[in-house]
>>> print(open('protein_10.txt').read())   # compact mmCIF, C-alpha atoms and all ligand atoms
# COMPACT_ATOMS: atom_id res chain seq x y z
CA MET A 194 185.48 46.04 126.67
CA ASP A 195 184.67 49.55 127.86
CA GLY A 196 181.05 49.88 128.86
CA ARG A 197 180.47 46.17 129.32
CA GLU A 198 179.40 46.39 132.98
CA GLU A 199 177.15 49.40 132.37
CA LEU A 200 175.39 47.59 129.56
CA ARG A 201 175.15 44.35 131.51
CA ALA A 202 173.38 46.21 134.33
CA ALA A 203 170.99 47.75 131.80
CA VAL A 204 169.84 44.42 130.33
CA PRO A 205 167.43 43.24 133.09
CA PRO A 206 165.34 46.46 133.16
CA LEU A 207 165.13 46.37 129.36
CA LEU A 208 163.95 42.74 129.33
CA GLU A 209 161.39 43.51 132.01
CA TRP A 210 160.14 46.51 130.02
CA PHE A 211 159.90 44.33 126.90
CA ARG A 212 157.83 41.69 128.65
CA ARG A 213 155.33 44.33 129.73
CA ASN A 214 155.27 46.47 126.60
CA LYS A 215 155.84 44.39 123.49
CA ARG A 216 153.29 44.97 120.77
CA ASP A 217 151.07 42.28 119.32
CA LEU A 218 152.46 41.90 115.84
CA PRO A 219 151.40 39.24 113.33
CA TRP A 220 154.86 37.65 113.27
CA ARG A 221 154.89 37.26 117.05
CA THR A 222 152.00 34.77 117.05
CA GLN A 223 152.48 31.15 116.03
CA ARG A 224 156.13 31.73 115.17
CA THR A 225 158.19 29.12 113.38
CA PRO A 226 161.78 29.53 112.16
CA TYR A 227 160.43 29.92 108.63
CA THR A 228 157.89 32.62 109.55
CA ALA A 229 160.57 34.47 111.51
CA LEU A 230 162.78 34.45 108.42
CA VAL A 231 159.93 35.74 106.25
CA ALA A 232 159.19 38.54 108.74
CA GLU A 233 162.80 39.63 109.09
CA LEU A 234 163.36 39.76 105.34
CA MET A 235 160.15 41.72 104.84
CA LEU A 236 161.04 44.15 107.62
CA GLN A 237 164.43 45.03 106.11
CA GLN A 238 164.11 48.64 104.95
CA THR A 239 160.31 48.50 105.17
CA ARG A 240 157.96 49.97 107.79
CA VAL A 241 156.11 47.65 110.18
CA GLU A 242 152.74 49.07 109.06
CA ALA A 243 153.47 48.26 105.41
CA VAL A 244 154.59 44.73 106.28
CA LYS A 245 151.63 43.74 108.49
CA ASP A 246 149.11 42.97 105.74
CA ARG A 247 151.58 41.66 103.23
CA TYR A 248 153.00 39.25 105.81
CA ASN A 249 149.61 37.68 106.54
CA GLU A 250 148.73 37.35 102.87
CA PHE A 251 152.14 35.93 102.04
CA LEU A 252 151.89 33.29 104.73
CA ARG A 253 148.34 32.36 103.82
CA ARG A 254 149.62 31.52 100.35
CA PHE A 255 153.05 30.15 101.37
CA PRO A 256 152.59 28.77 104.89
CA THR A 257 155.77 26.66 104.84
CA ALA A 258 159.21 26.78 103.28
CA GLU A 259 158.17 23.81 101.13
CA SER A 260 155.12 25.61 99.70
CA LEU A 261 157.27 28.65 98.90
CA ALA A 262 160.01 26.51 97.39
CA GLU A 263 157.55 24.95 94.93
CA ALA A 264 155.99 28.24 93.83
CA ASP A 265 156.68 30.01 90.58
CA GLU A 266 158.93 33.08 90.97
CA GLU A 267 156.40 35.35 89.23
CA GLU A 268 153.82 34.47 91.85
CA VAL A 269 156.26 35.05 94.71
CA LEU A 270 157.06 38.51 93.31
CA LYS A 271 153.36 39.27 93.02
CA TYR A 272 152.88 38.48 96.72
CA TRP A 273 155.80 40.81 97.47
CA GLU A 274 154.21 43.70 95.60
CA GLY A 275 154.28 46.96 97.55
CA LEU A 276 157.19 45.96 99.76
CA GLY A 277 159.90 47.04 97.31
CA TYR A 278 163.47 45.74 97.15
CA TYR A 279 162.34 42.68 95.20
CA SER A 280 165.74 41.01 95.42
CA ARG A 281 164.66 40.09 98.97
CA ALA A 282 161.74 38.10 97.53
CA ARG A 283 164.01 36.29 95.10
CA ASN A 284 166.48 35.53 97.89
CA LEU A 285 163.72 34.28 100.17
CA HIS A 286 162.45 32.03 97.39
CA ALA A 287 165.97 30.65 96.86
CA ALA A 288 166.44 30.24 100.63
CA ALA A 289 163.15 28.31 100.87
CA GLN A 290 164.40 25.88 98.23
CA ILE A 291 167.54 25.25 100.27
CA ILE A 292 165.52 24.86 103.49
CA ALA A 293 163.06 22.48 101.79
CA ARG A 294 166.01 20.35 100.69
CA GLU A 295 168.30 20.53 103.70
CA GLY A 296 166.12 21.60 106.65
CA PHE A 297 166.17 24.87 108.56
CA PRO A 298 169.69 25.93 109.66
CA GLN A 299 170.28 25.56 113.37
CA THR A 300 173.15 28.01 113.80
CA TRP A 301 173.98 31.64 113.06
CA VAL A 302 176.58 30.50 110.53
CA GLY A 303 174.05 28.27 108.77
CA LEU A 304 171.52 31.10 108.59
CA ARG A 305 174.15 33.55 107.38
CA SER A 306 174.89 31.25 104.44
CA LEU A 307 171.31 31.52 103.10
CA PRO A 308 170.78 33.88 100.15
CA GLY A 309 169.93 37.42 101.26
CA VAL A 310 170.70 36.78 104.92
CA GLY A 311 173.31 39.18 106.29
CA ASP A 312 174.75 39.51 109.78
CA TYR A 313 171.71 41.35 111.12
CA THR A 314 169.06 38.99 109.76
CA ALA A 315 171.05 35.93 110.81
CA GLY A 316 171.31 37.35 114.35
CA ALA A 317 167.64 38.30 114.48
CA VAL A 318 166.35 34.94 113.23
CA ALA A 319 168.82 32.95 115.35
CA SER A 320 167.64 34.67 118.52
CA ILE A 321 163.94 35.02 117.71
CA ALA A 322 163.35 31.64 116.10
CA LEU A 323 166.08 29.42 117.48
CA GLY A 324 166.45 30.98 120.92
CA LEU A 325 170.19 31.52 120.48
CA PRO A 326 171.77 34.46 122.33
CA THR A 327 172.96 36.23 119.19
CA PRO A 328 173.01 40.02 118.79
CA ALA A 329 171.58 41.70 115.71
CA VAL A 330 172.77 45.24 115.19
CA ASP A 331 171.08 47.53 112.69
CA GLY A 332 170.52 51.28 112.56
CA ASN A 333 167.93 51.09 115.36
CA VAL A 334 170.25 49.32 117.75
CA LEU A 335 173.11 51.66 116.85
CA ARG A 336 170.89 54.64 117.61
CA ILE A 337 169.95 53.26 121.03
CA LEU A 338 173.46 52.23 122.03
CA THR A 339 175.21 55.39 120.83
CA ARG A 340 172.67 57.35 122.89
CA PHE A 341 173.06 55.06 125.88
CA PHE A 342 176.83 55.59 125.88
CA ALA A 343 176.78 59.11 124.35
CA ASP A 344 179.17 57.52 121.90
CA GLY A 345 180.27 59.79 119.05
CA ARG A 346 181.58 57.18 116.64
CA LYS A 347 180.05 57.44 113.17
CA ILE A 348 177.46 54.76 112.52
CA ASP A 349 177.61 54.66 108.72
CA GLY A 350 180.42 52.19 108.25
CA GLN A 351 180.90 48.63 109.44
CA GLY A 352 183.09 49.69 112.40
CA ALA A 353 180.29 50.75 114.75
CA LYS A 354 178.30 47.60 113.93
CA THR A 355 181.24 45.34 114.65
CA TYR A 356 182.03 47.16 117.89
CA PHE A 357 178.50 47.08 119.31
CA SER A 358 177.88 43.49 118.14
CA ALA A 359 180.93 42.39 120.12
CA LEU A 360 179.81 44.38 123.16
CA LEU A 361 176.30 42.92 123.05
CA ALA A 362 177.68 39.40 122.64
CA GLU A 363 179.60 39.88 125.89
CA VAL A 364 176.54 40.89 127.92
CA TYR A 365 173.93 38.68 126.24
CA PRO A 366 172.22 36.67 129.01
CA PRO A 367 172.52 32.94 128.24
CA GLU A 368 169.09 32.16 129.69
CA THR A 369 166.99 34.24 127.26
CA ALA A 370 167.25 35.31 123.65
CA ASP A 371 164.79 38.19 124.12
CA LEU A 372 167.45 40.88 124.22
CA THR A 373 167.56 41.17 120.42
CA GLU A 374 163.83 41.73 120.13
CA ALA A 375 163.74 43.99 123.20
CA LEU A 376 166.24 46.33 121.56
CA MET A 377 164.27 46.29 118.32
CA GLU A 378 161.11 47.18 120.23
CA LEU A 379 162.77 49.96 122.19
CA GLY A 380 164.03 51.44 118.92
CA ALA A 381 160.59 51.16 117.32
CA ILE A 382 158.40 52.70 120.00
CA VAL A 383 160.56 54.63 122.51
CA CYS A 384 164.04 55.50 121.26
CA VAL A 385 162.60 56.42 117.87
CA PRO A 386 164.50 57.58 114.77
CA ASN A 387 162.41 60.58 113.78
CA GLY A 388 161.59 63.21 116.34
CA PRO A 389 162.54 63.27 120.00
CA PRO A 390 162.82 59.92 121.81
CA ALA A 391 160.23 59.18 124.50
CA CYS A 392 162.79 59.08 127.32
CA GLY A 393 160.08 59.37 129.99
CA ALA A 394 158.84 55.90 128.96
CA CYS A 395 162.30 54.38 128.62
CA PRO A 396 163.62 51.76 131.04
CA TRP A 397 167.06 53.31 130.59
CA SER A 398 166.15 56.90 131.42
CA GLY A 399 168.24 56.78 134.62
CA LEU A 400 171.21 55.13 132.88
CA CYS A 401 171.41 56.63 129.41
CA LYS A 402 174.24 59.16 129.14
CA ALA A 403 172.78 61.14 126.25
CA HIS A 404 169.53 61.56 128.18
CA LEU A 405 171.25 62.50 131.43
CA MET A 406 173.15 65.19 129.50
CA GLY A 407 170.00 66.30 127.64
CA ARG A 408 171.73 65.50 124.35
CA GLU A 409 169.58 62.64 123.01
CA GLU A 410 169.27 64.19 119.59
CA ASP A 411 173.04 64.63 119.16
CA PHE A 412 173.29 60.87 118.68
CA PRO A 413 173.83 58.89 116.55
CA VAL A 414 176.56 60.71 114.64
CA ARG A 415 176.55 60.14 110.89
CA GLY A 416 179.07 60.80 108.16
CA GLU A 417 178.35 63.00 105.17
CA LYS A 418 175.23 61.83 103.36
CA ARG A 419 175.68 60.98 99.72
CA ALA A 420 173.27 63.04 97.63
CA ARG A 421 170.71 60.97 95.71
CA LYS A 422 171.10 60.80 91.98
CA ARG A 423 168.24 62.39 90.05
CA GLU A 424 167.01 60.66 86.90
CA GLU A 425 164.37 61.93 84.46
CA LEU A 426 162.29 59.16 82.96
CA ASP A 427 159.42 58.94 80.44
CA VAL A 428 156.94 56.15 81.23
CA PHE A 429 154.38 54.93 78.70
CA VAL A 430 151.03 53.32 79.43
CA LEU A 431 150.15 52.07 75.97
CA ARG A 432 146.66 50.73 75.31
CA ARG A 433 145.87 48.63 72.26
CA ASP A 434 142.57 46.75 71.84
CA GLY A 435 141.93 46.96 75.59
CA LEU A 436 145.32 45.52 76.49
CA TYR A 437 148.40 47.25 77.90
CA ALA A 438 152.07 46.86 77.07
CA LEU A 439 154.37 45.48 79.73
CA CYS A 440 158.03 44.62 79.50
CA LYS A 441 160.65 43.16 81.77
CA ARG A 442 163.32 45.51 83.02
CA PRO A 443 166.62 44.32 81.59
CA GLY A 444 170.09 44.33 83.11
CA LYS A 445 171.19 43.75 86.68
CA GLY A 446 170.45 47.12 88.27
CA LEU A 447 167.46 48.64 90.01
CA LEU A 448 164.24 46.61 89.55
CA ALA A 449 165.98 44.32 87.04
CA GLY A 450 163.83 41.42 85.88
CA LEU A 451 160.56 42.97 87.09
CA TRP A 452 157.54 43.83 84.95
CA GLU A 453 157.08 47.50 84.17
CA PHE A 454 155.49 49.90 81.72
CA PRO A 455 157.79 50.69 78.81
CA ASN A 456 160.06 53.59 79.73
CA GLU A 457 163.25 55.34 78.77
CA PRO A 458 165.46 58.18 80.02
CA SER A 459 163.69 61.40 78.98
CA ALA A 460 166.79 62.66 77.21
CA GLU A 461 166.63 59.66 74.86
CA GLY A 462 163.21 60.54 73.43
CA LYS A 463 163.13 57.57 71.02
CA LEU A 464 160.06 55.86 72.41
CA ARG A 465 158.38 59.21 73.06
CA GLY A 466 158.83 60.15 69.40
CA TRP A 467 157.45 56.79 68.27
CA VAL A 468 154.40 56.98 70.57
CA LEU A 469 153.55 60.53 69.58
CA LYS A 470 153.81 59.57 65.91
CA ASN A 471 151.85 56.29 66.04
CA GLY A 472 149.43 56.72 68.94
CA ASP A 473 146.80 59.08 70.36
CA LEU A 474 147.99 60.82 73.47
CA LEU A 475 145.23 60.85 76.11
CA ALA A 476 146.98 62.18 79.21
CA THR A 477 150.31 63.03 80.75
CA GLU A 478 151.25 63.26 84.40
CA ARG A 479 154.34 63.92 86.49
CA ALA A 480 155.28 61.58 89.33
CA LYS A 481 158.26 61.03 91.57
CA HIS A 482 159.63 57.93 93.25
CA VAL A 483 162.46 57.92 95.76
CA PHE A 484 164.75 54.91 96.06
CA THR A 485 167.63 54.72 98.54
CA HIS A 486 170.23 56.23 96.21
CA VAL A 487 168.21 57.43 93.22
CA GLU A 488 165.17 59.61 92.62
CA TRP A 489 163.06 59.04 89.55
CA HIS A 490 161.28 62.11 88.24
CA MET A 491 158.83 60.68 85.75
CA THR A 492 156.56 61.96 83.04
CA GLY A 493 153.83 59.43 82.36
CA TYR A 494 152.15 59.25 78.95
CA LEU A 495 148.83 57.47 78.45
CA ALA A 496 148.28 56.71 74.77
CA THR A 497 146.16 54.41 72.63
CA LEU A 498 147.71 52.65 69.69
CA PRO A 499 145.81 51.50 66.58
CA SER A 500 144.98 47.78 66.38
CA ALA A 501 147.47 47.01 63.68
CA CYS A 502 150.25 48.90 65.37
CA ALA A 503 153.21 46.65 66.12
CA ALA A 504 155.01 47.64 69.28
CA GLU A 505 157.76 45.42 70.60
CA ASN A 506 156.92 44.43 74.13
CA ASP A 507 157.16 41.26 76.10
CA VAL A 508 153.42 41.04 76.79
CA TRP A 509 150.10 42.74 76.27
CA ALA A 510 147.81 42.22 79.25
CA SER A 511 144.41 43.38 80.45
CA ALA A 512 144.08 45.69 83.44
CA GLU A 513 142.67 42.77 85.45
CA GLU A 514 145.61 40.52 84.55
CA ILE A 515 148.10 43.23 85.42
CA ARG A 516 146.52 43.76 88.82
CA SER A 517 146.22 40.08 89.66
CA ARG A 518 149.23 38.47 88.06
CA TYR A 519 152.07 40.90 87.44
CA ALA A 520 154.15 42.46 90.21
CA ILE A 521 154.51 46.07 89.12
CA PRO A 522 156.99 47.99 91.30
CA SER A 523 155.54 50.83 93.41
CA ALA A 524 157.61 53.29 91.38
CA PHE A 525 154.96 52.97 88.64
CA LYS A 526 151.93 53.05 90.94
CA ALA A 527 151.04 56.63 89.99
CA PHE A 528 150.18 55.40 86.47
CA MET A 529 148.19 52.30 87.44
CA LYS A 530 145.03 54.43 87.67
CA TRP A 531 145.06 54.70 83.87
CA LEU A 532 144.35 50.98 83.52
CA GLU A 533 140.68 50.43 82.69
S1 LIG B 1 166.74 57.39 127.64
FE1 LIG B 1 166.00 58.31 125.76
S2 LIG B 1 167.77 58.50 124.44
FE2 LIG B 1 168.32 57.10 126.08
S3 LIG B 1 167.90 55.07 125.26
FE3 LIG B 1 166.07 55.72 126.35
S4 LIG B 1 164.76 56.71 124.81
FE4 LIG B 1 166.84 56.54 123.95
>>> encode(input="protein_10.txt", output="structure tokens", more="lines below")
Ligand code: SF4
Amino acid sequence: MDGREELRAAVPPLLEWFRRNKRDLPWRTQRTPYTALVAELMLQQTRVEAVKDRYNEFLRRFPTAESLAEADEEEVLKYWEGLGYYSRARNLHAAAQIIAREGFPQTWVGLRSLPGVGDYTAGAVASIALGLPTPAVDGNVLRILTRFFADGRKIDGQGAKTYFSALLAEVYPPETADLTEALMELGAIVCVPNGPPACGACPWSGLCKAHLMGREEDFPVRGEKRARKREELDVFVLRRDGLYALCKRPGKGLLAGLWEFPNEPSAEGKLRGWVLKNGDLLATERAKHVFTHVEWHMTGYLATLPSACAAENDVWASAEEIRSRYAIPSAFKAFMKWLE
């Protein structure tokens, strides 16, 4: 493949840099295949800083695949609170049940067959936890490699991933599986996504084409970005006899199956009309939450309802119970302060 020899020559300085510069991160100490899987699933689409504390707490409660497999799903979701993308927690829970039954997979293919484990995660866990020389190509690796080669292919589709995975597989040194993590680290602290890369600190500064041309920020090349959908939502924090209404989000879409405050599209107005008629409105507040493809623009309503008022909700819970037992998605965090 084109570029194979250039990349092969660039591997040893990168590995050397990694040995000297890798950060102390919680998931790099006392690593087992299971903890590597937990870390990689948590780190998908979530910042390292946000994961650090949650990772430690999660592993204190679920130190092994067996302990996670036996846990109740509600509790697993609670321990995932704040990390978002809760389907990852459900997949990890399901994966733990398979691992508890059948043992930890020993190959990339075996890992890839676990729920929620895609090509990238299978590659990352296979190299980090099993020591297999398997590439793992995500947006960070694509950014580094398109800069290294000043490669103008668009990175949005599967094509660039497939191409660079094959290239990395050809140059992967058989004696160490550190290349995967070294690339991740370079992308996290040197060849960064936002702002100019720190080329002066990069082991590839004498090899990287984009840097030698002074065009680091021209790469990677992306296709047209799809505009996020905007949705207006009314969210209700309803208090009755010191308890608050919670319901489970129905359907299969965003946040499906998670606990939330009752809400509806603002244009609907049915629940709003009911609350204003039956309850006392204490406060309103605007809040916004940005998901990958959707933005929620919310109006929150805090209202008390009379004791006898019947409102159809799955549960009524105290503020303490909500904080300790129910995993409320971050989208609703702006209204949690109303819980007394
Ligand atoms: S030299 Fe600069 S642009 Fe090139 S890989 Fe290193 S940090 Fe990225």
>>> residues_around(input="protein_10.txt", residues="Arg423 of chain A", least_positions_apart="2", cutoff="9 Å", atoms="all atoms listed in the file", output="list of chain:residue names")
A:Arg421, A:Glu425, A:His486, A:Val487, A:Glu488, A:Trp489, A:His490
>>> residues_near_point(input="protein_10.txt", point="(166.1, 30.2, 98.1)", cutoff="10 Å", atoms="all atoms listed in the file", output="tab-separated table (two decimals) with C-alpha atoms, in the frame of the given file")
chain	number	residue	atom	x	y	z
A	258	ALA	CA	159.21	26.78	103.28
A	261	LEU	CA	157.27	28.65	98.90
A	262	ALA	CA	160.01	26.51	97.39
A	282	ALA	CA	161.74	38.10	97.53
A	283	ARG	CA	164.01	36.29	95.10
A	284	ASN	CA	166.48	35.53	97.89
A	285	LEU	CA	163.72	34.28	100.17
A	286	HIS	CA	162.45	32.03	97.39
A	287	ALA	CA	165.97	30.65	96.86
A	288	ALA	CA	166.44	30.24	100.63
A	289	ALA	CA	163.15	28.31	100.87
A	290	GLN	CA	164.40	25.88	98.23
A	291	ILE	CA	167.54	25.25	100.27
A	292	ILE	CA	165.52	24.86	103.49
A	293	ALA	CA	163.06	22.48	101.79
A	307	LEU	CA	171.31	31.52	103.10
A	308	PRO	CA	170.78	33.88	100.15
A	309	GLY	CA	169.93	37.42	101.26
>>> residues_near_ligand(input="protein_10.txt", ligand="ligand LIG 1 (chain B)", cutoff="6 Å", atoms="all atoms listed in the file", output="ChimeraX atom specification")
/A:337,340-341,383-384,390-392,395,397-398,401,403-404,409
>>> closest_residue(input="protein_10.txt", among="A:Ala480, A:Leu200, A:Leu464, A:Leu495", to="Leu360 of chain A", atoms="only C-alpha atoms")
A:Leu200
>>> atom_distance(input="protein_10.txt", atom1="atom CA of Tyr279 of chain A", atom2="atom CA of Leu448 of chain A")
7.1 Å
>>> closest_residue(input="protein_10.txt", among="A:Val468, A:Val231, A:Ala496, A:Leu325", to="Glu368 of chain A", atoms="all atoms listed in the file")
A:Leu325
>>> closest_residue(input="protein_10.txt", among="A:Arg442, A:Gly462, A:Pro366, A:Ala449", to="Arg201 of chain A", atoms="only C-alpha atoms")
A:Pro366
>>> axis_aligned_box(input="protein_10.txt", around="segment 328-340 of chain A", padding_each_side="5 Å", output="AutoDock Vina command-line options")
--center_x 171.6 --center_y 48.7 --center_z 117.7 --size_x 17.3 --size_y 27.3 --size_z 20.3
>>> closest_residue(input="protein_10.txt", among="A:Ala512, A:Met529, A:Leu335, A:Ala375", to="Phe429 of chain A", atoms="only C-alpha atoms")
A:Met529
>>> atom_distance(input="protein_10.txt", atom1="atom CA of Pro458 of chain A", atom2="atom CA of Lys418 of chain A")
25.6 Å
>>> residues_near_point(input="protein_10.txt", point="(151.7, 35.6, 96.8)", cutoff="8 Å", atoms="all atoms listed in the file", output="ChimeraX atom specification")
/A:250-251,254-255,268-273
>>> write_last_selection(input="protein_10.txt", atoms="C-alpha atoms", output="PDB file, in the frame of the given file")
ATOM      1  CA  GLU A 250     148.730  37.350 102.870  1.00  0.00           C
ATOM      2  CA  PHE A 251     152.140  35.930 102.040  1.00  0.00           C
ATOM      3  CA  ARG A 254     149.620  31.520 100.350  1.00  0.00           C
ATOM      4  CA  PHE A 255     153.050  30.150 101.370  1.00  0.00           C
ATOM      5  CA  GLU A 268     153.820  34.470  91.850  1.00  0.00           C
ATOM      6  CA  VAL A 269     156.260  35.050  94.710  1.00  0.00           C
ATOM      7  CA  LEU A 270     157.060  38.510  93.310  1.00  0.00           C
ATOM      8  CA  LYS A 271     153.360  39.270  93.020  1.00  0.00           C
ATOM      9  CA  TYR A 272     152.880  38.480  96.720  1.00  0.00           C
ATOM     10  CA  TRP A 273     155.800  40.810  97.470  1.00  0.00           C
TER      11      TRP A 273
END
>>> residues_around(input="protein_10.txt", residues="Val330 of chain A", least_positions_apart="6", cutoff="9 Å", atoms="only C-alpha atoms", output="list in words")
Asp312, Tyr313, Gly316, Ala317, Lys354, Thr355, Phe357, Ser358, Leu361 and Thr373 of chain A
>>> residues_around(input="protein_10.txt", residues="segment 224-226 of chain A", least_positions_apart="2", cutoff="8 Å", atoms="all atoms listed in the file", output="count of residues only")
10
>>> atom_distance(input="protein_10.txt", atom1="atom CA of Ala319 of chain A", atom2="atom CA of Thr239 of chain A")
20.4 Å
>>> closest_residue(input="protein_10.txt", among="A:Gly296, A:Pro499, A:Pro389, A:Pro455", to="Leu474 of chain A", atoms="only C-alpha atoms")
A:Pro499
>>> closest_residue(input="protein_10.txt", among="A:Lys445, A:Lys463, A:Arg294, A:Arg415", to="Asp344 of chain A", atoms="all atoms listed in the file")
A:Arg415
>>> residues_around(input="protein_10.txt", residues="Leu207 of chain A", least_positions_apart="3", cutoff="6 Å", atoms="only C-alpha atoms", output="ChimeraX atom specification")
/A:204,210,396
>>> decode(input="protein_10.txt", residues="segment 343-359 of chain A", atoms="N, CA and C atoms", output="mmCIF file, in the first residue's frame")
data_model
loop_
_atom_site.group_PDB
_atom_site.id
_atom_site.type_symbol
_atom_site.label_atom_id
_atom_site.label_comp_id
_atom_site.auth_asym_id
_atom_site.auth_seq_id
_atom_site.Cartn_x
_atom_site.Cartn_y
_atom_site.Cartn_z
ATOM 1 N N ALA A 343 -0.803 14.159 4.798
ATOM 2 C CA ALA A 343 -1.488 15.262 4.096
ATOM 3 C C ALA A 343 -2.491 14.656 3.108
ATOM 4 N N ASP A 344 -3.295 13.772 3.664
ATOM 5 C CA ASP A 344 -4.224 12.978 2.844
ATOM 6 C C ASP A 344 -5.607 13.663 2.837
ATOM 7 N N GLY A 345 -6.091 13.987 1.661
ATOM 8 C CA GLY A 345 -7.324 14.769 1.560
ATOM 9 C C GLY A 345 -8.600 13.965 1.485
ATOM 10 N N ARG A 346 -8.512 12.630 1.738
ATOM 11 C CA ARG A 346 -9.786 11.889 1.641
ATOM 12 C C ARG A 346 -10.704 12.306 2.803
ATOM 13 N N LYS A 347 -11.998 12.279 2.537
ATOM 14 C CA LYS A 347 -12.959 12.685 3.575
ATOM 15 C C LYS A 347 -13.044 11.607 4.648
ATOM 16 N N ILE A 348 -13.107 12.040 5.908
ATOM 17 C CA ILE A 348 -13.031 11.044 6.982
ATOM 18 C C ILE A 348 -14.403 10.650 7.524
ATOM 19 N N ASP A 349 -15.466 11.200 6.958
ATOM 20 C CA ASP A 349 -16.789 10.932 7.534
ATOM 21 C C ASP A 349 -17.298 9.507 7.307
ATOM 22 N N GLY A 350 -17.039 8.977 6.153
ATOM 23 C CA GLY A 350 -17.596 7.661 5.842
ATOM 24 C C GLY A 350 -16.703 6.530 6.337
ATOM 25 N N GLN A 351 -17.064 5.325 5.945
ATOM 26 C CA GLN A 351 -16.326 4.136 6.380
ATOM 27 C C GLN A 351 -15.019 3.977 5.587
ATOM 28 N N GLY A 352 -14.966 4.592 4.381
ATOM 29 C CA GLY A 352 -13.837 4.372 3.479
ATOM 30 C C GLY A 352 -12.493 4.698 4.101
ATOM 31 N N ALA A 353 -12.388 5.875 4.726
ATOM 32 C CA ALA A 353 -11.108 6.294 5.309
ATOM 33 C C ALA A 353 -10.717 5.347 6.448
ATOM 34 N N LYS A 354 -11.703 4.922 7.220
ATOM 35 C CA LYS A 354 -11.421 4.006 8.350
ATOM 36 C C LYS A 354 -10.866 2.688 7.828
ATOM 37 N N THR A 355 -11.518 2.163 6.812
ATOM 38 C CA THR A 355 -11.089 0.879 6.255
ATOM 39 C C THR A 355 -9.666 1.006 5.693
ATOM 40 N N TYR A 356 -9.428 2.103 4.972
ATOM 41 C CA TYR A 356 -8.121 2.302 4.350
ATOM 42 C C TYR A 356 -7.009 2.381 5.406
ATOM 43 N N PHE A 357 -7.203 3.227 6.415
ATOM 44 C CA PHE A 357 -6.127 3.406 7.402
ATOM 45 C C PHE A 357 -6.013 2.201 8.345
ATOM 46 N N SER A 358 -7.105 1.476 8.565
ATOM 47 C CA SER A 358 -6.995 0.245 9.381
ATOM 48 C C SER A 358 -6.102 -0.760 8.664
ATOM 49 N N ALA A 359 -6.307 -0.881 7.343
ATOM 50 C CA ALA A 359 -5.501 -1.840 6.578
ATOM 51 C C ALA A 359 -4.034 -1.415 6.568
#
